[in-house]
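J.: Have a look at the structure that comes next, please.
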Amino acid sequence: MAVNERNKDIHMVSELLLVHLPETLENKDDKLCKDICAVIAINLKRIDADVDKSATAWEKRDYFFKADELRREFLWLPAAQQLAEQLAYAARNFETADLQRLGKAIPNKILELLQKPRFKDITQLRGAALQARTTVLKPK
């Protein structure tokens, strides 16, 4: 994954968290909220893997400071990914407090990167949690 792809994933997480998840929560569509959380978890997992790959490449070139700086910048990723995954598969309904917790898990400088929305119809994500559980995200 190139930096451009990582940035696209970051933009998608920002859009889902700032635009679509609050709207879906307001419409009381719990299943879609959980599907959105699953997509957020997948994207955070992809970003984390890319950060590690990029940092390893920097280390091979003896740019240890730059590799460490990149890893420090994204230290929040594993915890945020785990939280998004937990929310996607929680037995209880998705609530406003969950949205706030997820928002706090992701730094504001990342969320400020939101550009024009990519999703015209967020319902395209229906079933993402079920599909992710069987493919990308580890089963619970």
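Labels for the structure tokens follow display order: chains A, B, ..., residues from 1 in each chain, ligands from 1.
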Quick one: everything within 8 Å of A:Cys33, counting only C-alpha atoms, minus sequence neighbours fewer than 5 positions away in the same chain. Send it as JSON, numbers by chain.

T.: {"A": [21, 24, 25, 88, 94]}

J.: Using only C-alpha atoms, please write the residues we just selected to a file, as a PDB file, in the first residue's frame.

T.:
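selection07.pdb, written as the output of this step:
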ATOM      1  CA  LEU A  21     -22.040   6.996  11.779  1.00  0.00           C
ATOM      2  CA  THR A  24     -27.067   6.312  11.051  1.00  0.00           C
ATOM      3  CA  LEU A  25     -27.192   6.465  14.850  1.00  0.00           C
ATOM      4  CA  ALA A  88     -19.109  -3.941  15.504  1.00  0.00           C
ATOM      5  CA  PHE A  94     -24.805   0.952  19.346  1.00  0.00           C
TER       6      PHE A  94
END

J.: Quick check for you: according to DSSP on this backbone, which residues of stretch 58-114 of chain A are classed as alpha helix (DSSP H)? Reply as number ranges by chain.

T.: A: 58-60, 64-73, 77-88, 96-105, 108-111

J.: Please tabulate, as JSON lines, the residues of stretch 25-106 of chain A that come within 7 Å of stretch 117-138 of chain A, each with its closest pair of atoms and the distance in Å to one decimal, counting only C-alpha atoms and ordering rows by chain, then residue number upward.

T.:
{"residue": "A:Leu32", "atom": "CA", "partner": "A:Arg126", "partner_atom": "CA", "distance": 5.8}
{"residue": "A:Lys34", "atom": "CA", "partner": "A:Ala129", "partner_atom": "CA", "distance": 6.5}
{"residue": "A:Asp35", "atom": "CA", "partner": "A:Ala129", "partner_atom": "CA", "distance": 4.6}
{"residue": "A:Ile36", "atom": "CA", "partner": "A:Leu125", "partner_atom": "CA", "distance": 6.7}
{"residue": "A:Ala38", "atom": "CA", "partner": "A:Ala129", "partner_atom": "CA", "distance": 5.0}
{"residue": "A:Val39", "atom": "CA", "partner": "A:Ala128", "partner_atom": "CA", "distance": 6.6}
{"residue": "A:Ala88", "atom": "CA", "partner": "A:Ala129", "partner_atom": "CA", "distance": 6.4}

J.: Could the residues in this selection be written to a file with C-alpha atoms, as a CSV table (one decimal), in the first residue's frame?

T.:
chain,number,residue,atom,x,y,z
A,32,LEU,CA,-25.8,-0.4,9.9
A,34,LYS,CA,-22.2,-2.0,13.5
A,35,ASP,CA,-21.4,-2.5,9.8
A,36,ILE,CA,-19.9,0.9,9.6
A,38,ALA,CA,-16.6,-3.1,11.0
A,39,VAL,CA,-15.5,-1.1,7.9
A,88,ALA,CA,-19.1,-3.9,15.5

J.: Which residues are near stretch 101-113 of chain A? Cut-off 10 Å, only C-alpha atoms, ignore same chain within fewer than 6 positions. Put them as a PDB file with N, CA and C atoms, in the first residue's frame.

T.:
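Saved as selection-v9.pdb:
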ATOM      1  N   ASN A   7      -3.669   7.229   2.917  1.00  0.00           N
ATOM      2  CA  ASN A   7      -4.443   8.462   3.102  1.00  0.00           C
ATOM      3  C   ASN A   7      -5.899   8.275   2.710  1.00  0.00           C
ATOM      4  N   LYS A   8      -6.165   7.492   1.669  1.00  0.00           N
ATOM      5  CA  LYS A   8      -7.557   7.210   1.286  1.00  0.00           C
ATOM      6  C   LYS A   8      -8.273   6.457   2.395  1.00  0.00           C
ATOM      7  N   ILE A  10      -7.527   6.593   5.571  1.00  0.00           N
ATOM      8  CA  ILE A  10      -7.709   7.563   6.660  1.00  0.00           C
ATOM      9  C   ILE A  10      -8.902   8.465   6.373  1.00  0.00           C
ATOM     10  N   HIS A  11      -9.013   8.910   5.131  1.00  0.00           N
ATOM     11  CA  HIS A  11     -10.154   9.756   4.748  1.00  0.00           C
ATOM     12  C   HIS A  11     -11.467   8.994   4.897  1.00  0.00           C
ATOM     13  N   MET A  12     -11.454   7.713   4.536  1.00  0.00           N
ATOM     14  CA  MET A  12     -12.676   6.916   4.658  1.00  0.00           C
ATOM     15  C   MET A  12     -13.078   6.771   6.126  1.00  0.00           C
ATOM     16  N   VAL A  13     -12.105   6.505   6.994  1.00  0.00           N
ATOM     17  CA  VAL A  13     -12.395   6.394   8.426  1.00  0.00           C
ATOM     18  C   VAL A  13     -12.979   7.709   8.934  1.00  0.00           C
ATOM     19  N   SER A  14     -12.375   8.821   8.537  1.00  0.00           N
ATOM     20  CA  SER A  14     -12.868  10.131   8.970  1.00  0.00           C
ATOM     21  C   SER A  14     -14.300  10.367   8.514  1.00  0.00           C
ATOM     22  N   GLU A  15     -14.569  10.064   7.259  1.00  0.00           N
ATOM     23  CA  GLU A  15     -15.922  10.267   6.726  1.00  0.00           C
ATOM     24  C   GLU A  15     -16.938   9.386   7.442  1.00  0.00           C
ATOM     25  N   LEU A  17     -16.756   8.075  10.408  1.00  0.00           N
ATOM     26  CA  LEU A  17     -16.896   8.442  11.814  1.00  0.00           C
ATOM     27  C   LEU A  17     -17.576   9.794  12.006  1.00  0.00           C
ATOM     28  N   LEU A  18     -17.267  10.750  11.160  1.00  0.00           N
ATOM     29  CA  LEU A  18     -17.787  12.107  11.355  1.00  0.00           C
ATOM     30  C   LEU A  18     -19.114  12.374  10.655  1.00  0.00           C
ATOM     31  N   CYS A  37     -18.876   0.306  11.781  1.00  0.00           N
ATOM     32  CA  CYS A  37     -17.770   0.060  12.710  1.00  0.00           C
ATOM     33  C   CYS A  37     -16.840  -1.032  12.178  1.00  0.00           C
ATOM     34  N   ILE A  40     -14.708   0.512   9.536  1.00  0.00           N
ATOM     35  CA  ILE A  40     -13.695   1.342  10.193  1.00  0.00           C
ATOM     36  C   ILE A  40     -12.571   0.451  10.726  1.00  0.00           C
ATOM     37  N   LEU A  44      -8.656   0.612   9.644  1.00  0.00           N
ATOM     38  CA  LEU A  44      -7.611   0.861  10.640  1.00  0.00           C
ATOM     39  C   LEU A  44      -6.585  -0.271  10.637  1.00  0.00           C
ATOM     40  N   GLU A  73       3.670   8.208  15.503  1.00  0.00           N
ATOM     41  CA  GLU A  73       2.531   8.969  14.991  1.00  0.00           C
ATOM     42  C   GLU A  73       1.258   8.126  14.953  1.00  0.00           C
ATOM     43  N   PHE A  74       1.431   6.817  14.775  1.00  0.00           N
ATOM     44  CA  PHE A  74       0.266   5.934  14.637  1.00  0.00           C
ATOM     45  C   PHE A  74       0.150   4.932  15.786  1.00  0.00           C
ATOM     46  N   TRP A  76      -1.777   4.973  18.200  1.00  0.00           N
ATOM     47  CA  TRP A  76      -3.180   4.866  18.573  1.00  0.00           C
ATOM     48  C   TRP A  76      -3.941   3.815  17.757  1.00  0.00           C
ATOM     49  N   LEU A  77      -3.374   3.381  16.638  1.00  0.00           N
ATOM     50  CA  LEU A  77      -4.095   2.500  15.712  1.00  0.00           C
ATOM     51  C   LEU A  77      -4.593   1.179  16.308  1.00  0.00           C
ATOM     52  N   PRO A  78      -3.752   0.385  16.969  1.00  0.00           N
ATOM     53  CA  PRO A  78      -4.254  -0.914  17.451  1.00  0.00           C
ATOM     54  C   PRO A  78      -5.435  -0.789  18.421  1.00  0.00           C
ATOM     55  N   ALA A  79      -5.352   0.173  19.335  1.00  0.00           N
ATOM     56  CA  ALA A  79      -6.447   0.346  20.305  1.00  0.00           C
ATOM     57  C   ALA A  79      -7.727   0.797  19.605  1.00  0.00           C
ATOM     58  N   ALA A  80      -7.614   1.716  18.656  1.00  0.00           N
ATOM     59  CA  ALA A  80      -8.795   2.202  17.935  1.00  0.00           C
ATOM     60  C   ALA A  80      -9.399   1.091  17.084  1.00  0.00           C
ATOM     61  N   GLN A  81      -8.548   0.289  16.453  1.00  0.00           N
ATOM     62  CA  GLN A  81      -9.032  -0.816  15.630  1.00  0.00           C
ATOM     63  C   GLN A  81      -9.750  -1.838  16.488  1.00  0.00           C
ATOM     64  N   LEU A  83     -11.229  -1.301  19.388  1.00  0.00           N
ATOM     65  CA  LEU A  83     -12.488  -0.717  19.852  1.00  0.00           C
ATOM     66  C   LEU A  83     -13.548  -0.770  18.755  1.00  0.00           C
ATOM     67  N   ALA A  84     -13.177  -0.400  17.530  1.00  0.00           N
ATOM     68  CA  ALA A  84     -14.136  -0.440  16.417  1.00  0.00           C
ATOM     69  C   ALA A  84     -14.640  -1.860  16.191  1.00  0.00           C
ATOM     70  N   LEU A  87     -17.082  -2.800  18.980  1.00  0.00           N
ATOM     71  CA  LEU A  87     -18.375  -2.152  18.785  1.00  0.00           C
ATOM     72  C   LEU A  87     -19.158  -2.815  17.649  1.00  0.00           C
TER      73      LEU A  87
END

J.: Pick out the closest residue to A:Asp48 from this set: A:Val19, A:Arg92, A:Arg6, A:Lys31. Count only C-alpha atoms.

T.: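 Smallest separation from A:Asp48 among the options: A:Arg6.
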
J.: What lies within 12 Å of A:Glu69 using only C-alpha atoms, ignoring chain neighbours under 2 positions off, as number ranges by chain?

T.: A: 51-52, 54-55, 58-59, 63-67, 71-75

J.: Just checking: using only C-alpha atoms, which residue out of A:Asp30, A:Asp68, A:Glu23, A:Asp62 ends up closest to A:Ala90?

T.: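 Closest to A:Ala90 of all the choices is A:Asp30.
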